[in-house]
Amino acid sequence: MQDELLTIGRFARLCRLSVKQLRHYDEVGLLAPVRVDASSGYRYYAPEQARDALTIALLREMDLPLAVIAQALTAEPESRAQILRAERDRLAERISRDQARLEMLERLAEGGLAGYEVTMSREPERWLAVVRAVCAPAEIGERVEECVGRLLPVLGRAGIAWEPPLWGLYPLDLEERMEIAVGAQTPQGEGTPGLEFEMLPGGLVAETVHAGSYAQLPLAYNALFAAVHERGLRPHAPVREAYLVGPAEAPQEELMTRLIIPVQESMA
């Protein structure tokens, strides 16, 4: 039988892996040799293990975690397909985030933060009908869309008139799990199932307008918070976004969002 087996060096060359990688895969239980010599510790592999080894090399080249590769190797074909599709979706999401970062870097290179005019104004008191969600920062876009999908049908069924634009309410700090809300300005109301009514107090605010995709909103927030702190002001929650031109009205590059931060003069 030993004559039919391959030494670790020959097997590594056959499968386009290094000896160090094969030893590591053995240690973590991903790909064990079929035989280990008790006296010398030499590892031997069977030719039929080449398919698994080549698959490991291919998936590692795609940066799949070893734990995911181990699941894929031992899974039935249908489950394996689900595992790989889940990794595909995660990769697509990462590519989308990286594309947004590239666009922000290009925008910074072209105009920097000076392209945002930050102004001080007084915001009136507003009553909003709101729905809420809890999410991570990376989930904000998805949860806002879900909140809009919950809010508008309830307003319609209840016959509640509302005044555009829609509003987004956010905490000052983007924590791992945070509460957000989407609201529509309405007359004060009570007793509508599925809705809360919240009063946004009026007062002094710092604001700016962002033109473009929501993925580039961090640029506007950077300029806005910088201006707030440079002027010695203290920001207060909730941070407000007014969606002047939304996705249903224009392509991403033509979206218009008003960003508002309630402020007060810092106490020395």
# chains A, B, ... in the order shown; residues from 1 in each chain; ligands from 1

$ closest_atom_pairs --of "stretch 82-159 of chain A" --to "stretch 205-226 of chain A" --cutoff "9 Å" --atoms "only C-alpha atoms" --output "CSV"
residue,atom,partner,partner_atom,distance
A:Arg97,CA,A:Ala215,CA,8.2
A:Ala100,CA,A:Ala215,CA,5.9
A:Arg101,CA,A:Gln216,CA,8.0
A:Glu103,CA,A:Gln216,CA,7.7
A:Met104,CA,A:Gln216,CA,5.9
A:Arg107,CA,A:Leu219,CA,8.8
A:Leu108,CA,A:Leu219,CA,8.1
A:Gly112,CA,A:Leu219,CA,8.8
A:Leu113,CA,A:Ala223,CA,5.8
A:Ala114,CA,A:Ala223,CA,7.8
A:Gly115,CA,A:Ala223,CA,8.9
A:Tyr116,CA,A:Thr208,CA,6.6
A:Glu117,CA,A:Thr208,CA,6.0
A:Val118,CA,A:Thr208,CA,4.9
A:Thr119,CA,A:Glu207,CA,5.5
A:Met120,CA,A:Ala206,CA,4.7
A:Ser121,CA,A:Val205,CA,5.6
A:Arg122,CA,A:Val205,CA,5.9
A:Glu123,CA,A:Val205,CA,6.5
A:Gly141,CA,A:Tyr214,CA,8.1

$ closest_residue --among "A:Arg231, A:Ala181, A:Ala70, A:Ala161" --to "A:Cys135" --atoms "only C-alpha atoms"
A:Ala181

$ closest_residue --among "A:Gln49, A:Gly194, A:Thr7, A:Arg177" --to "A:Leu151" --atoms "only C-alpha atoms"
A:Gly194

$ atom_distance --atom1 "atom CA of A:Val144" --atom2 "atom CA of A:Leu166"
10.7 Å

$ select_by_dssp --residues "stretch 161-220 of chain A" --states "strand (DSSP E or B)" --output "PyMOL selection string"
chain A and resi 163-170+178-185+196-200+203-211

$ write_last_selection --atoms "N, CA, C and O atoms" --output "CSV table (one decimal), in the first residue's frame"
chain,number,residue,atom,x,y,z
A,163,GLU,N,-46.7,65.0,5.3
A,163,GLU,CA,-46.1,66.1,4.5
A,163,GLU,C,-44.7,65.6,4.2
A,163,GLU,O,-43.9,65.3,5.1
A,164,PRO,N,-44.3,65.5,2.8
A,164,PRO,CA,-43.0,65.1,2.5
A,164,PRO,C,-42.0,66.2,3.0
A,164,PRO,O,-42.4,67.3,3.2
A,165,PRO,N,-40.7,65.8,3.1
A,165,PRO,CA,-40.1,64.5,2.8
A,165,PRO,C,-40.2,63.5,4.0
A,165,PRO,O,-40.7,63.8,5.1
A,166,LEU,N,-39.8,62.2,3.7
A,166,LEU,CA,-39.6,61.3,4.8
A,166,LEU,C,-38.4,61.6,5.6
A,166,LEU,O,-37.4,62.2,5.1
A,167,TRP,N,-38.4,61.2,6.9
A,167,TRP,CA,-37.3,61.5,7.8
A,167,TRP,C,-36.6,60.3,8.3
A,167,TRP,O,-37.3,59.3,8.6
A,168,GLY,N,-35.3,60.3,8.5
A,168,GLY,CA,-34.6,59.3,9.2
A,168,GLY,C,-34.0,59.8,10.4
A,168,GLY,O,-33.5,60.9,10.4
A,169,LEU,N,-34.1,59.1,11.5
A,169,LEU,CA,-33.6,59.5,12.8
A,169,LEU,C,-32.6,58.5,13.3
A,169,LEU,O,-32.9,57.3,13.4
A,170,TYR,N,-31.4,59.0,13.7
A,170,TYR,CA,-30.3,58.2,14.1
A,170,TYR,C,-29.6,58.7,15.3
A,170,TYR,O,-29.6,59.9,15.6
A,178,MET,N,-28.1,49.5,17.3
A,178,MET,CA,-28.6,50.8,17.6
A,178,MET,C,-30.0,50.9,17.1
A,178,MET,O,-30.4,50.1,16.2
A,179,GLU,N,-30.8,51.8,17.7
A,179,GLU,CA,-32.2,52.0,17.3
A,179,GLU,C,-32.2,53.1,16.3
A,179,GLU,O,-31.6,54.2,16.5
A,180,ILE,N,-32.9,52.9,15.2
A,180,ILE,CA,-33.1,54.0,14.2
A,180,ILE,C,-34.6,54.1,14.0
A,180,ILE,O,-35.4,53.2,14.4
A,181,ALA,N,-35.1,55.2,13.3
A,181,ALA,CA,-36.5,55.3,13.0
A,181,ALA,C,-36.6,56.0,11.7
A,181,ALA,O,-35.8,56.8,11.3
A,182,VAL,N,-37.8,55.8,11.1
A,182,VAL,CA,-38.2,56.5,9.8
A,182,VAL,C,-39.5,57.1,10.1
A,182,VAL,O,-40.4,56.4,10.7
A,183,GLY,N,-39.7,58.4,9.8
A,183,GLY,CA,-40.9,59.0,10.1
A,183,GLY,C,-41.4,59.9,9.0
A,183,GLY,O,-40.7,60.3,8.1
A,184,ALA,N,-42.7,60.3,9.1
A,184,ALA,CA,-43.3,61.2,8.2
A,184,ALA,C,-44.0,62.3,9.1
A,184,ALA,O,-44.7,62.0,10.1
A,185,GLN,N,-43.9,63.6,8.6
A,185,GLN,CA,-44.5,64.6,9.4
A,185,GLN,C,-46.0,64.6,9.2
A,185,GLN,O,-46.6,64.6,8.1
A,196,GLU,N,-45.9,55.0,16.1
A,196,GLU,CA,-45.6,55.8,17.3
A,196,GLU,C,-45.7,57.3,16.8
A,196,GLU,O,-45.4,57.5,15.6
A,197,PHE,N,-45.9,58.2,17.7
A,197,PHE,CA,-45.9,59.6,17.3
A,197,PHE,C,-44.8,60.3,18.2
A,197,PHE,O,-44.9,60.2,19.4
A,198,GLU,N,-43.9,60.9,17.5
A,198,GLU,CA,-42.7,61.5,18.2
A,198,GLU,C,-42.6,63.0,17.9
A,198,GLU,O,-42.7,63.4,16.7
A,199,MET,N,-42.4,63.8,18.9
A,199,MET,CA,-42.2,65.2,18.6
A,199,MET,C,-40.7,65.5,18.6
A,199,MET,O,-39.9,65.2,19.5
A,200,LEU,N,-40.2,66.1,17.4
A,200,LEU,CA,-38.9,66.6,17.3
A,200,LEU,C,-38.8,68.0,17.7
A,200,LEU,O,-39.5,68.9,17.1
A,203,GLY,N,-35.3,74.3,17.3
A,203,GLY,CA,-34.2,74.9,17.9
A,203,GLY,C,-33.0,75.0,16.9
A,203,GLY,O,-33.2,74.8,15.7
A,204,LEU,N,-31.9,75.4,17.4
A,204,LEU,CA,-30.7,75.6,16.6
A,204,LEU,C,-30.1,74.3,16.1
A,204,LEU,O,-30.0,73.3,16.8
A,205,VAL,N,-29.8,74.3,14.8
A,205,VAL,CA,-29.3,73.1,14.1
A,205,VAL,C,-28.1,73.5,13.2
A,205,VAL,O,-28.1,74.7,12.7
A,206,ALA,N,-27.2,72.6,13.0
A,206,ALA,CA,-26.3,72.7,11.9
A,206,ALA,C,-26.7,71.8,10.8
A,206,ALA,O,-27.2,70.6,11.1
A,207,GLU,N,-26.6,72.2,9.5
A,207,GLU,CA,-27.1,71.4,8.5
A,207,GLU,C,-26.3,71.5,7.2
A,207,GLU,O,-25.6,72.5,7.0
A,208,THR,N,-26.4,70.5,6.3
A,208,THR,CA,-25.8,70.5,5.0
A,208,THR,C,-26.7,69.7,4.1
A,208,THR,O,-27.5,68.9,4.6
A,209,VAL,N,-26.4,69.7,2.8
A,209,VAL,CA,-27.2,68.9,1.8
A,209,VAL,C,-26.2,68.1,1.1
A,209,VAL,O,-25.1,68.6,0.6
A,210,HIS,N,-26.5,66.8,1.0
A,210,HIS,CA,-25.6,65.8,0.3
A,210,HIS,C,-26.3,65.4,-1.0
A,210,HIS,O,-27.5,65.1,-1.0
A,211,ALA,N,-25.6,65.6,-2.1
A,211,ALA,CA,-26.1,65.1,-3.4
A,211,ALA,C,-25.3,63.9,-3.8
A,211,ALA,O,-24.1,63.9,-3.9

$ residues_around --residues "A:Ala57" --least-positions-apart "3" --cutoff "12 Å" --atoms "only C-alpha atoms" --output "ChimeraX atom specification"
/A:12-18,21-22,25,30-31,50-54,60-66,69

$ write_last_selection --atoms "N, CA and C atoms" --output "mmCIF file, in the first residue's frame"
data_model
loop_
_atom_site.group_PDB
_atom_site.id
_atom_site.type_symbol
_atom_site.label_atom_id
_atom_site.label_comp_id
_atom_site.auth_asym_id
_atom_site.auth_seq_id
_atom_site.Cartn_x
_atom_site.Cartn_y
_atom_site.Cartn_z
ATOM 1 N N ALA A 12 2.307 17.708 -2.344
ATOM 2 C CA ALA A 12 2.247 19.170 -2.356
ATOM 3 C C ALA A 12 2.446 19.706 -3.769
ATOM 4 N N ARG A 13 3.435 19.164 -4.487
ATOM 5 C CA ARG A 13 3.694 19.627 -5.860
ATOM 6 C C ARG A 13 2.514 19.279 -6.766
ATOM 7 N N LEU A 14 1.939 18.093 -6.566
ATOM 8 C CA LEU A 14 0.811 17.660 -7.381
ATOM 9 C C LEU A 14 -0.398 18.580 -7.204
ATOM 10 N N CYS A 15 -0.589 19.068 -5.982
ATOM 11 C CA CYS A 15 -1.804 19.826 -5.652
ATOM 12 C C CYS A 15 -1.568 21.328 -5.557
ATOM 13 N N ARG A 16 -0.367 21.765 -5.918
ATOM 14 C CA ARG A 16 -0.056 23.202 -5.935
ATOM 15 C C ARG A 16 -0.214 23.828 -4.551
ATOM 16 N N LEU A 17 0.190 23.061 -3.550
ATOM 17 C CA LEU A 17 0.214 23.537 -2.177
ATOM 18 C C LEU A 17 1.632 23.405 -1.642
ATOM 19 N N SER A 18 1.910 24.114 -0.556
ATOM 20 C CA SER A 18 3.215 23.962 0.075
ATOM 21 C C SER A 18 3.142 22.878 1.146
ATOM 22 N N GLN A 21 1.598 24.295 4.216
ATOM 23 C CA GLN A 21 0.133 24.358 4.172
ATOM 24 C C GLN A 21 -0.485 22.996 4.482
ATOM 25 N N LEU A 22 0.064 21.937 3.869
ATOM 26 C CA LEU A 22 -0.473 20.602 4.110
ATOM 27 C C LEU A 22 -0.363 20.216 5.585
ATOM 28 N N TYR A 25 -3.091 22.098 7.393
ATOM 29 C CA TYR A 25 -4.413 21.543 7.135
ATOM 30 C C TYR A 25 -4.615 20.240 7.896
ATOM 31 N N LEU A 30 -8.460 19.611 8.500
ATOM 32 C CA LEU A 30 -9.069 19.867 7.203
ATOM 33 C C LEU A 30 -8.713 18.788 6.183
ATOM 34 N N LEU A 31 -7.477 18.378 6.168
ATOM 35 C CA LEU A 31 -7.031 17.352 5.220
ATOM 36 C C LEU A 31 -5.930 16.525 5.881
ATOM 37 N N ALA A 50 -6.221 14.088 -3.950
ATOM 38 C CA ALA A 50 -5.819 15.255 -4.728
ATOM 39 C C ALA A 50 -6.998 16.185 -5.022
ATOM 40 N N ARG A 51 -8.161 15.602 -5.275
ATOM 41 C CA ARG A 51 -9.327 16.450 -5.609
ATOM 42 C C ARG A 51 -9.651 17.392 -4.441
ATOM 43 N N ASP A 52 -9.700 16.845 -3.228
ATOM 44 C CA ASP A 52 -9.977 17.696 -2.071
ATOM 45 C C ASP A 52 -8.885 18.746 -1.881
ATOM 46 N N ALA A 53 -7.638 18.328 -2.049
ATOM 47 C CA ALA A 53 -6.528 19.258 -1.865
ATOM 48 C C ALA A 53 -6.581 20.403 -2.886
ATOM 49 N N LEU A 54 -6.887 20.063 -4.134
ATOM 50 C CA LEU A 54 -6.991 21.092 -5.173
ATOM 51 C C LEU A 54 -8.164 22.021 -4.910
ATOM 52 N N ARG A 60 -9.128 28.639 -1.035
ATOM 53 C CA ARG A 60 -8.258 29.531 -0.264
ATOM 54 C C ARG A 60 -7.791 30.702 -1.124
ATOM 55 N N GLU A 61 -7.602 30.453 -2.407
ATOM 56 C CA GLU A 61 -7.234 31.529 -3.322
ATOM 57 C C GLU A 61 -8.334 32.588 -3.374
ATOM 58 N N MET A 62 -9.577 32.169 -3.110
ATOM 59 C CA MET A 62 -10.716 33.100 -3.071
ATOM 60 C C MET A 62 -10.934 33.675 -1.672
ATOM 61 N N ASP A 63 -10.005 33.395 -0.739
ATOM 62 C CA ASP A 63 -10.061 33.915 0.633
ATOM 63 C C ASP A 63 -11.210 33.359 1.455
ATOM 64 N N LEU A 64 -11.697 32.175 1.118
ATOM 65 C CA LEU A 64 -12.711 31.556 1.967
ATOM 66 C C LEU A 64 -12.057 31.062 3.253
ATOM 67 N N PRO A 65 -12.710 31.260 4.404
ATOM 68 C CA PRO A 65 -12.142 30.785 5.672
ATOM 69 C C PRO A 65 -12.026 29.273 5.682
ATOM 70 N N LEU A 66 -11.044 28.772 6.428
ATOM 71 C CA LEU A 66 -10.832 27.326 6.501
ATOM 72 C C LEU A 66 -12.061 26.611 7.063
ATOM 73 N N ILE A 69 -14.478 26.138 4.285
ATOM 74 C CA ILE A 69 -13.992 25.115 3.357
ATOM 75 C C ILE A 69 -14.235 23.726 3.930
#

$ atom_distance --atom1 "atom CA of A:Arg240" --atom2 "atom CA of A:Leu259"
6.0 Å

$ atom_distance --atom1 "atom CA of A:Glu27" --atom2 "atom CA of A:Arg90"
27.3 Å

$ closest_residue --among "A:Leu73, A:Ser40, A:Ala133, A:Ala158" --to "A:Ile56" --atoms "only C-alpha atoms"
A:Leu73

$ select_by_dssp --residues "stretch 83-163 of chain A" --states "alpha helix (DSSP H)" --output "count of residues only"
48

$ residues_around --residues "A:Tyr45" --least-positions-apart "2" --cutoff "8 Å" --atoms "only C-alpha atoms" --output "ChimeraX atom specification"
/A:5-8,11,33-35,43,47,49

$ write_last_selection --atoms "N, CA, C and O atoms" --output "CSV table (one decimal), in the first residue's frame"
chain,number,residue,atom,x,y,z
A,5,LEU,N,1.1,5.2,-2.1
A,5,LEU,CA,1.0,6.5,-1.5
A,5,LEU,C,2.0,7.5,-2.0
A,5,LEU,O,3.1,7.2,-2.5
A,6,LEU,N,1.7,8.8,-1.7
A,6,LEU,CA,2.6,9.9,-2.1
A,6,LEU,C,3.2,10.5,-0.9
A,6,LEU,O,2.5,10.8,0.1
A,7,THR,N,4.5,10.8,-0.9
A,7,THR,CA,5.1,11.6,0.2
A,7,THR,C,4.5,13.0,0.2
A,7,THR,O,3.9,13.5,-0.8
A,8,ILE,N,4.6,13.7,1.3
A,8,ILE,CA,4.0,15.0,1.4
A,8,ILE,C,4.6,16.0,0.4
A,8,ILE,O,3.9,16.8,-0.1
A,11,PHE,N,3.0,15.1,-3.0
A,11,PHE,CA,1.6,15.5,-3.0
A,11,PHE,C,1.4,17.0,-3.0
A,11,PHE,O,0.5,17.5,-3.7
A,33,PRO,N,-3.5,13.2,6.3
A,33,PRO,CA,-2.8,12.2,5.5
A,33,PRO,C,-3.5,10.8,5.8
A,33,PRO,O,-4.0,10.6,6.9
A,34,VAL,N,-3.4,9.9,4.9
A,34,VAL,CA,-4.0,8.6,5.1
A,34,VAL,C,-3.0,7.7,6.0
A,34,VAL,O,-3.5,6.8,6.6
A,35,ARG,N,-1.8,8.1,6.1
A,35,ARG,CA,-0.9,7.4,6.9
A,35,ARG,C,0.2,8.3,7.4
A,35,ARG,O,0.7,9.2,6.7
A,43,ARG,N,4.4,12.0,6.6
A,43,ARG,CA,3.0,11.9,6.2
A,43,ARG,C,2.9,11.4,4.7
A,43,ARG,O,3.7,11.8,3.9
A,47,PRO,N,-3.5,9.2,-3.8
A,47,PRO,CA,-3.8,10.0,-5.0
A,47,PRO,C,-5.2,10.5,-5.1
A,47,PRO,O,-5.5,11.7,-5.5
A,49,GLN,N,-6.9,11.8,-2.8
A,49,GLN,CA,-7.1,13.0,-2.0
A,49,GLN,C,-6.7,14.3,-2.7
A,49,GLN,O,-7.0,15.3,-2.2

$ closest_residue --among "A:Ile83, A:Val245, A:Leu58, A:Ala67" --to "A:Gly29" --atoms "only C-alpha atoms"
A:Ala67

$ decode --residues "stretch 16-40 of chain A" --atoms "C-alpha atoms" --output "mmCIF file, in the first residue's frame"
data_model
loop_
_atom_site.group_PDB
_atom_site.id
_atom_site.type_symbol
_atom_site.label_atom_id
_atom_site.label_comp_id
_atom_site.auth_asym_id
_atom_site.auth_seq_id
_atom_site.Cartn_x
_atom_site.Cartn_y
_atom_site.Cartn_z
ATOM 1 C CA ARG A 16 -0.056 23.202 -5.935
ATOM 2 C CA LEU A 17 0.214 23.537 -2.177
ATOM 3 C CA SER A 18 3.215 23.962 0.075
ATOM 4 C CA VAL A 19 4.362 21.353 2.567
ATOM 5 C CA LYS A 20 3.748 23.926 5.311
ATOM 6 C CA GLN A 21 0.133 24.358 4.172
ATOM 7 C CA LEU A 22 -0.473 20.602 4.110
ATOM 8 C CA ARG A 23 0.913 20.250 7.627
ATOM 9 C CA HIS A 24 -1.349 23.072 8.804
ATOM 10 C CA TYR A 25 -4.413 21.543 7.135
ATOM 11 C CA ASP A 26 -3.616 18.276 8.904
ATOM 12 C CA GLU A 27 -3.280 20.044 12.264
ATOM 13 C CA VAL A 28 -6.642 21.783 11.935
ATOM 14 C CA GLY A 29 -8.394 18.627 10.728
ATOM 15 C CA LEU A 30 -9.069 19.867 7.203
ATOM 16 C CA LEU A 31 -7.031 17.352 5.220
ATOM 17 C CA ALA A 32 -5.357 14.512 7.081
ATOM 18 C CA PRO A 33 -2.846 12.154 5.462
ATOM 19 C CA VAL A 34 -3.952 8.560 5.114
ATOM 20 C CA ARG A 35 -0.851 7.369 6.890
ATOM 21 C CA VAL A 36 1.727 8.819 9.278
ATOM 22 C CA ASP A 37 4.892 6.776 9.895
ATOM 23 C CA ALA A 38 5.078 6.112 13.631
ATOM 24 C CA SER A 39 8.878 6.232 13.806
ATOM 25 C CA SER A 40 9.710 9.065 11.380
#
